[in-house]
Each structure stands twice: as C-alpha cells, then as structure tokens.
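So this one's model07.cif, mmCIF, C-alpha atoms and all ligand atoms:
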```
data_start
loop_
_atom_site.label_atom_id
_atom_site.label_comp_id
_atom_site.auth_asym_id
_atom_site.auth_seq_id
_atom_site.Cartn_x
_atom_site.Cartn_y
_atom_site.Cartn_z
CA MET A 1 10.66 5.86 24.02
CA ASN A 2 8.74 2.62 24.35
CA LEU A 3 8.83 -0.03 21.62
CA PHE A 4 5.41 0.70 20.07
CA LYS A 5 6.15 4.42 19.95
CA SER A 6 9.47 3.68 18.25
CA ILE A 7 7.81 1.42 15.63
CA TRP A 8 5.19 4.14 15.00
CA PHE A 9 7.95 6.75 14.59
CA PHE A 10 9.98 4.41 12.35
CA LEU A 11 7.01 3.77 10.03
CA GLY A 12 6.53 7.54 9.77
CA LYS A 13 9.96 7.80 8.16
CA TYR A 14 8.63 5.86 5.15
CA GLN A 15 4.89 6.38 5.16
CA THR A 16 2.57 9.37 4.90
CA PRO A 17 0.24 9.85 7.94
CA LYS A 18 -2.76 8.31 6.15
CA ILE A 19 -0.84 5.23 4.94
CA ARG A 20 0.73 4.78 8.39
CA VAL A 21 -2.66 4.61 10.14
CA LEU A 22 -4.17 2.26 7.52
CA HIS A 23 -1.03 0.08 7.49
CA VAL A 24 -0.99 -0.38 11.29
CA LEU A 25 -4.73 -1.14 11.44
CA ILE A 26 -4.48 -3.67 8.61
CA LEU A 27 -1.42 -5.44 9.95
CA VAL A 28 -3.00 -5.79 13.42
CA LEU A 29 -6.34 -7.00 12.00
CA VAL A 30 -4.78 -9.49 9.55
CA ILE A 31 -2.69 -11.02 12.35
CA THR A 32 -5.86 -11.13 14.52
CA GLN A 33 -7.70 -12.97 11.69
CA ILE A 34 -4.96 -15.61 11.50
CA ILE A 35 -4.91 -16.07 15.30
CA ILE A 36 -8.69 -16.29 15.82
CA SER A 37 -9.10 -18.65 12.86
CA ASN A 38 -7.59 -21.29 15.19
CA TRP A 39 -10.62 -21.09 17.47
CA MET A 40 -13.30 -21.00 14.78
CA VAL A 41 -15.67 -23.94 14.72
CA GLY A 42 -16.08 -25.24 11.14
CA THR A 43 -19.39 -24.02 9.73
CA GLN A 44 -20.30 -27.04 7.59
CA SER A 45 -24.02 -26.45 8.11
CA SER A 46 -26.01 -24.43 5.59
CA THR A 47 -27.98 -22.70 8.34
CA ILE A 48 -26.52 -19.50 9.75
CA PRO A 49 -25.35 -19.99 13.34
CA SER A 50 -26.19 -17.55 16.13
CA ILE A 51 -23.78 -14.71 16.93
CA SER A 52 -23.26 -15.98 20.48
CA GLY A 53 -21.61 -19.04 22.00
CA GLU A 54 -19.69 -21.51 19.90
CA TYR A 55 -19.61 -19.29 16.83
CA ILE A 56 -18.39 -16.12 18.51
CA PHE A 57 -14.95 -16.32 16.82
CA THR A 58 -16.50 -17.04 13.43
CA TRP A 59 -18.61 -13.88 13.73
CA MET A 60 -15.63 -11.86 14.97
CA HIS A 61 -13.72 -13.12 11.91
CA ILE A 62 -16.55 -12.10 9.59
CA LEU A 63 -16.90 -8.61 11.15
CA ILE A 64 -13.13 -8.00 11.07
CA GLY A 65 -13.16 -9.43 7.52
CA PHE A 66 -15.68 -6.82 6.35
CA SER A 67 -13.69 -4.04 8.08
CA LEU A 68 -10.56 -5.28 6.32
CA PHE A 69 -12.35 -5.07 2.98
CA PHE A 70 -12.92 -1.30 3.39
CA LEU A 71 -9.53 -0.61 5.03
CA SER A 72 -7.63 -2.51 2.34
CA PHE A 73 -9.53 -0.75 -0.41
CA ALA A 74 -8.53 2.57 1.22
CA LEU A 75 -4.87 1.45 1.54
CA ILE A 76 -4.63 0.30 -2.08
CA TRP A 77 -6.30 3.49 -3.32
CA THR A 78 -4.06 5.75 -1.20
CA CYS A 79 -0.83 3.88 -2.07
CA LEU A 80 -1.54 4.00 -5.80
CA LYS A 81 -2.64 7.64 -5.64
CA GLU A 82 0.30 8.83 -3.55
CA LYS A 83 3.11 6.73 -5.05
CA GLY A 84 1.74 5.73 -8.46
CA VAL A 85 1.24 2.34 -10.10
CA LYS A 86 4.84 2.32 -11.44
CA HIS A 87 6.24 2.50 -7.89
CA PHE A 88 4.73 -0.91 -7.02
CA TYR A 89 4.55 -2.62 -10.43
CA PRO A 90 7.57 -1.30 -12.43
CA TYR A 91 8.00 -4.62 -14.29
CA LEU A 92 4.73 -3.96 -16.14
CA TRP A 93 6.70 -1.21 -17.92
CA GLY A 94 9.68 -3.54 -18.36
CA ASP A 95 11.63 -1.58 -15.73
CA VAL A 96 13.56 -4.10 -13.61
CA LYS A 97 16.78 -2.11 -13.12
CA GLN A 98 16.27 -1.29 -9.44
CA ILE A 99 14.91 -4.78 -8.65
CA LYS A 100 18.06 -6.37 -10.16
CA SER A 101 20.34 -4.03 -8.24
CA ASP A 102 18.52 -4.82 -4.96
CA ILE A 103 18.77 -8.58 -5.60
CA ASN A 104 22.50 -8.20 -6.30
CA GLN A 105 22.91 -6.42 -2.96
CA LEU A 106 21.04 -9.25 -1.19
CA ILE A 107 23.33 -11.82 -2.83
CA GLU A 108 26.26 -9.91 -1.34
CA PHE A 109 24.51 -10.12 2.06
CA LYS A 110 23.79 -6.37 2.08
CA LEU A 111 20.34 -5.12 3.04
CA PRO A 112 19.01 -2.87 0.28
CA ASP A 113 16.98 0.11 1.45
CA SER A 114 13.50 0.57 0.10
CA THR A 115 13.44 2.66 -3.10
CA PRO A 116 10.71 3.44 -5.65
CA ALA A 117 10.35 0.62 -8.19
CA GLY A 118 12.80 -1.50 -6.15
CA LEU A 119 12.48 -4.97 -4.64
CA ALA A 120 10.71 -3.82 -1.43
CA ALA A 121 8.14 -1.75 -3.37
CA THR A 122 7.57 -4.64 -5.82
CA VAL A 123 7.00 -7.07 -2.95
CA GLN A 124 4.57 -4.55 -1.36
CA GLY A 125 2.68 -4.40 -4.67
CA LEU A 126 2.37 -8.20 -4.64
CA GLY A 127 1.31 -8.01 -0.96
CA LEU A 128 -1.57 -5.71 -1.87
CA GLY A 129 -2.58 -8.36 -4.43
CA ALA A 130 -2.33 -11.17 -1.84
CA LEU A 131 -4.41 -9.16 0.62
CA SER A 132 -7.11 -8.55 -2.01
CA ILE A 133 -7.22 -12.23 -3.03
CA VAL A 134 -7.60 -13.45 0.57
CA ILE A 135 -10.33 -10.89 1.36
CA ILE A 136 -12.28 -11.50 -1.86
CA SER A 137 -12.15 -15.28 -1.29
CA GLY A 138 -13.42 -14.78 2.31
CA LEU A 139 -16.30 -12.60 1.12
CA THR A 140 -17.13 -15.10 -1.65
CA TRP A 141 -17.35 -17.88 0.93
CA PHE A 142 -19.54 -15.74 3.21
CA PHE A 143 -22.07 -14.79 0.52
CA LEU A 144 -22.28 -18.33 -0.92
CA TRP A 145 -22.89 -19.64 2.60
CA ILE A 146 -25.58 -17.00 3.32
CA LEU A 147 -27.22 -17.91 0.00
CA GLY A 148 -27.06 -21.60 0.98
CA ALA A 149 -25.10 -22.62 -2.15
CA SER A 150 -24.18 -26.30 -2.17
CA PHE A 151 -20.54 -25.59 -3.06
CA ALA A 152 -20.10 -23.00 -0.28
CA TYR A 153 -17.95 -25.44 1.66
CA ASP A 154 -15.48 -25.68 -1.25
CA ALA A 155 -15.21 -21.88 -1.25
CA ARG A 156 -14.28 -22.10 2.43
CA SER A 157 -11.43 -24.52 1.66
CA ILE A 158 -10.24 -22.27 -1.16
CA HIS A 159 -10.26 -19.26 1.20
CA LYS A 160 -8.36 -21.25 3.81
CA SER A 161 -5.69 -22.31 1.28
CA LEU A 162 -5.31 -18.78 -0.10
CA THR A 163 -4.54 -17.35 3.35
CA ILE A 164 -1.08 -18.93 2.85
CA LEU A 165 -0.34 -16.06 0.42
CA ILE A 166 -0.76 -13.38 3.08
CA GLU A 167 1.12 -15.49 5.64
CA ILE A 168 4.13 -15.79 3.31
CA TYR A 169 3.94 -12.04 2.70
CA ILE A 170 3.93 -11.26 6.43
CA TYR A 171 7.00 -13.46 7.00
CA GLY A 172 8.89 -11.90 4.08
CA HIS A 173 7.86 -8.25 4.14
CA GLY A 174 7.18 -8.09 7.89
CA GLY A 175 10.42 -9.94 8.69
CA LEU A 176 12.55 -7.62 6.56
CA GLY A 177 10.65 -4.60 7.94
CA LEU A 178 11.53 -5.75 11.46
CA ILE A 179 15.21 -6.22 10.53
CA HIS A 180 15.27 -2.66 9.14
CA PHE A 181 13.58 -1.46 12.33
CA VAL A 182 16.11 -3.19 14.64
CA ILE A 183 19.07 -1.74 12.70
CA TRP A 184 17.55 1.75 12.83
CA TYR A 185 16.62 1.37 16.54
CA LYS A 186 20.17 0.38 17.53
CA LYS A 187 21.61 3.37 15.64
CA ALA A 188 18.97 5.76 17.04
CA LYS A 189 19.70 4.64 20.63
CA LYS A 190 23.41 5.51 20.35
C1 LIG A 201 -6.66 -11.11 5.51
C2 LIG A 201 -7.80 -11.51 5.96
C3 LIG A 201 -8.18 -12.90 6.34
C4 LIG A 201 -7.40 -13.93 6.85
C5 LIG A 201 -5.93 -13.93 7.16
C6 LIG A 201 -8.28 -15.07 7.03
C7 LIG A 201 -7.89 -16.33 7.51
C8 LIG A 201 -8.71 -17.44 7.58
C9 LIG A 201 -8.29 -18.79 7.90
C10 LIG A 201 -6.85 -19.21 8.20
C11 LIG A 201 -9.40 -19.59 7.86
C12 LIG A 201 -9.45 -21.11 8.11
C13 LIG A 201 -9.88 -21.45 9.50
C14 LIG A 201 -9.82 -22.95 9.75
O1 LIG A 201 -10.79 -23.63 9.48
O2 LIG A 201 -8.77 -23.41 10.21
C15 LIG A 201 -10.52 -18.76 7.53
C16 LIG A 201 -11.82 -19.20 7.44
C17 LIG A 201 -12.88 -18.37 7.20
N1 LIG A 201 -12.84 -17.04 6.82
FE1 LIG A 201 -11.20 -15.88 6.73
N2 LIG A 201 -9.56 -14.72 6.63
C18 LIG A 201 -9.52 -13.39 6.20
C19 LIG A 201 -10.55 -12.65 5.69
C20 LIG A 201 -11.87 -13.06 5.67
C21 LIG A 201 -12.98 -12.29 5.15
C22 LIG A 201 -12.87 -10.91 4.48
C23 LIG A 201 -14.09 -13.03 5.33
C24 LIG A 201 -15.52 -12.67 4.97
C25 LIG A 201 -16.27 -11.91 5.61
C26 LIG A 201 -13.69 -14.28 5.96
C27 LIG A 201 -14.54 -15.31 6.33
C28 LIG A 201 -14.12 -16.56 6.72
C29 LIG A 201 -15.00 -17.62 7.06
C30 LIG A 201 -16.48 -17.45 7.20
C31 LIG A 201 -14.25 -18.78 7.33
C32 LIG A 201 -14.76 -20.17 7.68
C33 LIG A 201 -15.26 -20.20 9.07
C34 LIG A 201 -15.72 -21.56 9.48
O3 LIG A 201 -16.24 -22.28 8.65
O4 LIG A 201 -15.58 -21.88 10.64
N3 LIG A 201 -12.34 -14.28 6.14
N4 LIG A 201 -10.07 -17.45 7.36
C1 LIG A 202 -0.87 -7.83 6.15
C2 LIG A 202 0.10 -7.15 6.58
C3 LIG A 202 0.80 -6.04 5.82
C4 LIG A 202 0.48 -5.38 4.65
C5 LIG A 202 -0.71 -5.62 3.74
C6 LIG A 202 1.53 -4.41 4.40
C7 LIG A 202 1.58 -3.56 3.30
C8 LIG A 202 2.50 -2.57 3.11
C9 LIG A 202 2.52 -1.64 2.01
C10 LIG A 202 1.53 -1.63 0.86
C11 LIG A 202 3.57 -0.80 2.19
C12 LIG A 202 3.99 0.38 1.29
C13 LIG A 202 3.46 1.67 1.85
C14 LIG A 202 4.02 2.87 1.19
O1 LIG A 202 4.54 2.78 0.07
O2 LIG A 202 3.96 3.97 1.80
C15 LIG A 202 4.23 -1.20 3.41
C16 LIG A 202 5.35 -0.58 3.93
C17 LIG A 202 6.01 -1.00 5.07
N1 LIG A 202 5.65 -2.06 5.90
FE1 LIG A 202 4.07 -3.26 5.65
N2 LIG A 202 2.45 -4.48 5.41
C18 LIG A 202 2.05 -5.46 6.30
C19 LIG A 202 2.69 -5.87 7.45
C20 LIG A 202 3.87 -5.33 7.93
C21 LIG A 202 4.58 -5.82 9.10
C22 LIG A 202 4.16 -7.00 9.99
C23 LIG A 202 5.68 -5.03 9.23
C24 LIG A 202 6.73 -5.19 10.31
C25 LIG A 202 7.06 -4.29 11.12
C26 LIG A 202 5.67 -4.05 8.15
C27 LIG A 202 6.61 -3.06 7.94
C28 LIG A 202 6.59 -2.14 6.91
C29 LIG A 202 7.59 -1.10 6.74
C30 LIG A 202 8.81 -0.86 7.62
C31 LIG A 202 7.22 -0.38 5.59
C32 LIG A 202 7.94 0.84 4.98
C33 LIG A 202 8.94 0.41 3.98
C34 LIG A 202 8.77 1.07 2.65
O3 LIG A 202 8.08 2.08 2.49
O4 LIG A 202 9.31 0.51 1.68
N3 LIG A 202 4.54 -4.28 7.38
N4 LIG A 202 3.57 -2.28 3.96
#
```

Let's see the structure in the file written out as structure tokens.
Amino acid sequence: MNLFKSIWFFLGKYQTPKIRVLHVLILVLVITQIIISNWMVGTQSSTIPSISGEYIFTWMHILIGFSLFFLSFALIWTCLKEKGVKHFYPYLWGDVKQIKSDINQLIEFKLPDSTPAGLAATVQGLGLGALSIVIISGLTWFFLWILGASFAYDARSIHKSLTILIEIYIYGHGGLGLIHFVIWYKKAKK
C-alpha cells in the first residue's frame, strides 16, 4: 500500500466517509493557502488588481479562500451533527473528566487515544474555531478592500496575524495525528 493510501485508510478508522473527504480537502487547501501566501504581492492599493500576472497568487488565495468557507461550513455542520456539540466542547457542560485523564497520560509520556469529550476531541473543537476565525478575517479583509474602505489594510494585518492560530493547530493536532499514524503503520506492516 502506498503512503497516501495508508493515510486515507487510517483516517477512515476514525472518520465517517463524509468527514474524511472534507477533512482531506480542507487540510490540503489550508496548507496550500499558507504556502502560496509567501508569493503574494501585498495589495496596498485600493484598486482591484487584474487576475493575471503579479497578482495570480493573490487571486488563487482568494478563490481557495472562498472554497474553504463552504467546505469548512460543511465540516463544522457534519461534525456537530454526527458527533454532537458535547463531543467537541464537553467543558461547556463542566465535563473535564476525560480531558484530565488524557493529560495525566501525556504527563506519564503515554499517548492517549482519541475518545469522545477527550483532549483530542477538545483540541479539534478549538481547531474548528481557529479555522472559522481565520476564514472570517480573510473574507472581512476581501470585502473591505472591494468596498475601498480606508481601514482595509488593517484588516489584512489582522487576518495575517490570526493565521498563527491555524498554524499552531496544524503543528499540534497534525503532529499528534502523524505520530498516531506512524505507530499504527508500523504495527499494520508487521
Ligand atoms: C485557512 C485559510 C487561510 C489561511 C491559512 C490564510 C493565510 C494568509 C496569510 C499567511 C496571509 C499573509 C500573506 C503575507 O502578506 O505574508 C494572508 C493574506 C491574505 N489573505 Fe488569507 N488565508 C486564509 C483564508 C483566506 C480567505 C478565506 C480569504 C478571503 C477570500 C483570504 C484573503 C487574503 C488576502 C486577500 C490576503 C492579503 C493579500 C495581499 O494583500 O497580498 N484568506 N492569508
Ligand atoms: C487545517 C487543518 C485541519 C483541520 C481543520 C482538522 C480538523 C479535524 C477535525 C474537526 C477532526 C475531527 C473529525 C471527527 O470527529 O470525525 C479531525 C480528526 C483527525 N485529524 Fe485533522 N484537521 C486538520 C489537519 C490534520 C492533519 C495535518 C493531520 C495529520 C495527518 C490530521 C489528522 C487527523 C486525524 C488522525 C484525525 C482523527 C482523530 C480523531 O477522530 O480523534 N488532521 N481533524
């Protein structure tokens, strides 16, 4: 089995078919957004640049950004419908039992598996929040800029700063996801 097939199979052990497709699309597109943002030319001007040439990456970022808006809405909706709000935000009901037990396992250098209302699910809930914040700030910047608002450029800086949230999430959640994958892959190969 090649690596991508194995990752796809591994995700299927945790996720329903609909969540798996949305999750893979979103993770690829978010990483693409971060990478292409390095080649975007700052749009300080209040006039809208052409789609071609210098601003090609900016327009790619905007188009992917709009796609992410719809995909993320679908992911959040599906996750909450399939697993329930309590799965991702148990602390809102004062339920921190599983989170505490997972943290204790981490302190003992054991890797807790993902359980409902546990640490992994709680972090995923916060990740959905981070994703929403970054996307809403990007859209806010875009519409202010299209409308020619004088403070549009500040909205751009705010959007840029907020992307740190999703980057931290990818390192934490993505990193632990990869560790789980490697452990499973080694066992599966035996
Ligand atoms: C998770 C999704 C997103 C990520 C990770 C992301 C990341 C970034 C980053 C890192 C920058 C700063 C680029 C720089 O100057 O160094 C940026 C700028 C920008 N983002 Fe996003 N963004 C996302 C979603 C969106 C969305 C939904 C929109 C709106 C359609 C958007 C529109 C923009 C625009 C227009 C800029 C400024 C472009 C420029 O002035 O050159 N982004 N984004
Ligand atoms: C922006 C990027 C990402 C977002 C928004 C995101 C979001 C989520 C969400 C909401 C879930 C829960 C789905 C469910 O309950 O069925 C999840 C599960 C999972 N994610 Fe991500 N994820 C991202 C990136 C990654 C990356 C880079 C990896 C690394 C391989 C990864 C690995 C996993 C795994 C293994 C699960 C299943 C674990 C479980 O159900 O507890 N994710 N992700």

Show me which residues sit within 6 Å of ligand LIG 201 (chain A) when counting only C-alpha atoms and all ligand atoms, and put them as a compact mmCIF listing (two decimals) with C-alpha atoms, in the coordinates of the input.
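Full text of selection_3.txt as output:
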```txt
# COMPACT_ATOMS: atom_id res chain seq x y z
CA VAL A 30 -4.78 -9.49 9.55
CA GLN A 33 -7.70 -12.97 11.69
CA ILE A 34 -4.96 -15.61 11.50
CA SER A 37 -9.10 -18.65 12.86
CA ASN A 38 -7.59 -21.29 15.19
CA MET A 40 -13.30 -21.00 14.78
CA VAL A 41 -15.67 -23.94 14.72
CA GLY A 42 -16.08 -25.24 11.14
CA THR A 43 -19.39 -24.02 9.73
CA THR A 58 -16.50 -17.04 13.43
CA ILE A 62 -16.55 -12.10 9.59
CA GLY A 65 -13.16 -9.43 7.52
CA PHE A 66 -15.68 -6.82 6.35
CA LEU A 131 -4.41 -9.16 0.62
CA VAL A 134 -7.60 -13.45 0.57
CA ILE A 135 -10.33 -10.89 1.36
CA GLY A 138 -13.42 -14.78 2.31
CA LEU A 139 -16.30 -12.60 1.12
CA PHE A 142 -19.54 -15.74 3.21
CA ARG A 156 -14.28 -22.10 2.43
CA LYS A 160 -8.36 -21.25 3.81
CA THR A 163 -4.54 -17.35 3.35
```

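Using all atoms listed in the file, the nearest neighbour of ligand LIG 202 (chain A) within the list A:Lys110, A:His61, A:Lys86, A:His180 is A:His180.
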
Could you tell me, counting only C-alpha atoms and all ligand atoms, which protein and nucleic acid residues lie no more than 7 Å from ligand LIG 202 (chain A), written as a PyMOL selection string? chain A and resi 11+14-16+19+23+26-27+30+79+83+114-115+120-121+124-125+127-128+131+166+170+173-175+177-178+180-181

Residues just named, written with C-alpha atoms as a PDB file, in the coordinates of the input:
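Saved file selection_6.pdb follows:
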```pdb
ATOM      1  CA  LEU A  11       7.010   3.770  10.030  1.00  0.00           C
ATOM      2  CA  TYR A  14       8.630   5.860   5.150  1.00  0.00           C
ATOM      3  CA  GLN A  15       4.890   6.380   5.160  1.00  0.00           C
ATOM      4  CA  THR A  16       2.570   9.370   4.900  1.00  0.00           C
ATOM      5  CA  ILE A  19      -0.840   5.230   4.940  1.00  0.00           C
ATOM      6  CA  HIS A  23      -1.030   0.080   7.490  1.00  0.00           C
ATOM      7  CA  ILE A  26      -4.480  -3.670   8.610  1.00  0.00           C
ATOM      8  CA  LEU A  27      -1.420  -5.440   9.950  1.00  0.00           C
ATOM      9  CA  VAL A  30      -4.780  -9.490   9.550  1.00  0.00           C
ATOM     10  CA  CYS A  79      -0.830   3.880  -2.070  1.00  0.00           C
ATOM     11  CA  LYS A  83       3.110   6.730  -5.050  1.00  0.00           C
ATOM     12  CA  SER A 114      13.500   0.570   0.100  1.00  0.00           C
ATOM     13  CA  THR A 115      13.440   2.660  -3.100  1.00  0.00           C
ATOM     14  CA  ALA A 120      10.710  -3.820  -1.430  1.00  0.00           C
ATOM     15  CA  ALA A 121       8.140  -1.750  -3.370  1.00  0.00           C
ATOM     16  CA  GLN A 124       4.570  -4.550  -1.360  1.00  0.00           C
ATOM     17  CA  GLY A 125       2.680  -4.400  -4.670  1.00  0.00           C
ATOM     18  CA  GLY A 127       1.310  -8.010  -0.960  1.00  0.00           C
ATOM     19  CA  LEU A 128      -1.570  -5.710  -1.870  1.00  0.00           C
ATOM     20  CA  LEU A 131      -4.410  -9.160   0.620  1.00  0.00           C
ATOM     21  CA  ILE A 166      -0.760 -13.380   3.080  1.00  0.00           C
ATOM     22  CA  ILE A 170       3.930 -11.260   6.430  1.00  0.00           C
ATOM     23  CA  HIS A 173       7.860  -8.250   4.140  1.00  0.00           C
ATOM     24  CA  GLY A 174       7.180  -8.090   7.890  1.00  0.00           C
ATOM     25  CA  GLY A 175      10.420  -9.940   8.690  1.00  0.00           C
ATOM     26  CA  GLY A 177      10.650  -4.600   7.940  1.00  0.00           C
ATOM     27  CA  LEU A 178      11.530  -5.750  11.460  1.00  0.00           C
ATOM     28  CA  HIS A 180      15.270  -2.660   9.140  1.00  0.00           C
ATOM     29  CA  PHE A 181      13.580  -1.460  12.330  1.00  0.00           C
TER      30      PHE A 181
END
```

Report as a PyMOL selection string all protein, DNA and RNA residues lying within 10 Å of range 91-98 of chain A, evaluated on only C-alpha atoms, omitting residues in the same chain fewer than 6 positions from it. chain A and resi 85+104+115-119+122

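The space between CA of Trp77 in chain A and CA of Val24 in chain A spans 16.0 Å.
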
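Between Leu162 in chain A and the candidates A:Val123, A:Lys5, A:Leu25, A:Gly129, the tightest atom-to-atom separation, counting all atoms listed in the file, involves A:Gly129.
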
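Here the question is which of A:Ser52, A:Asn2, A:Thr32, A:Thr78 gets nearest to Ile64 in chain A using only C-alpha atoms, and that residue is A:Thr32.
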
Counting all atoms listed in the file, which residue out of A:Leu22, A:Ile99, A:Ile107, A:Ile158 sits closest to Ala74 in chain A? A:Leu22
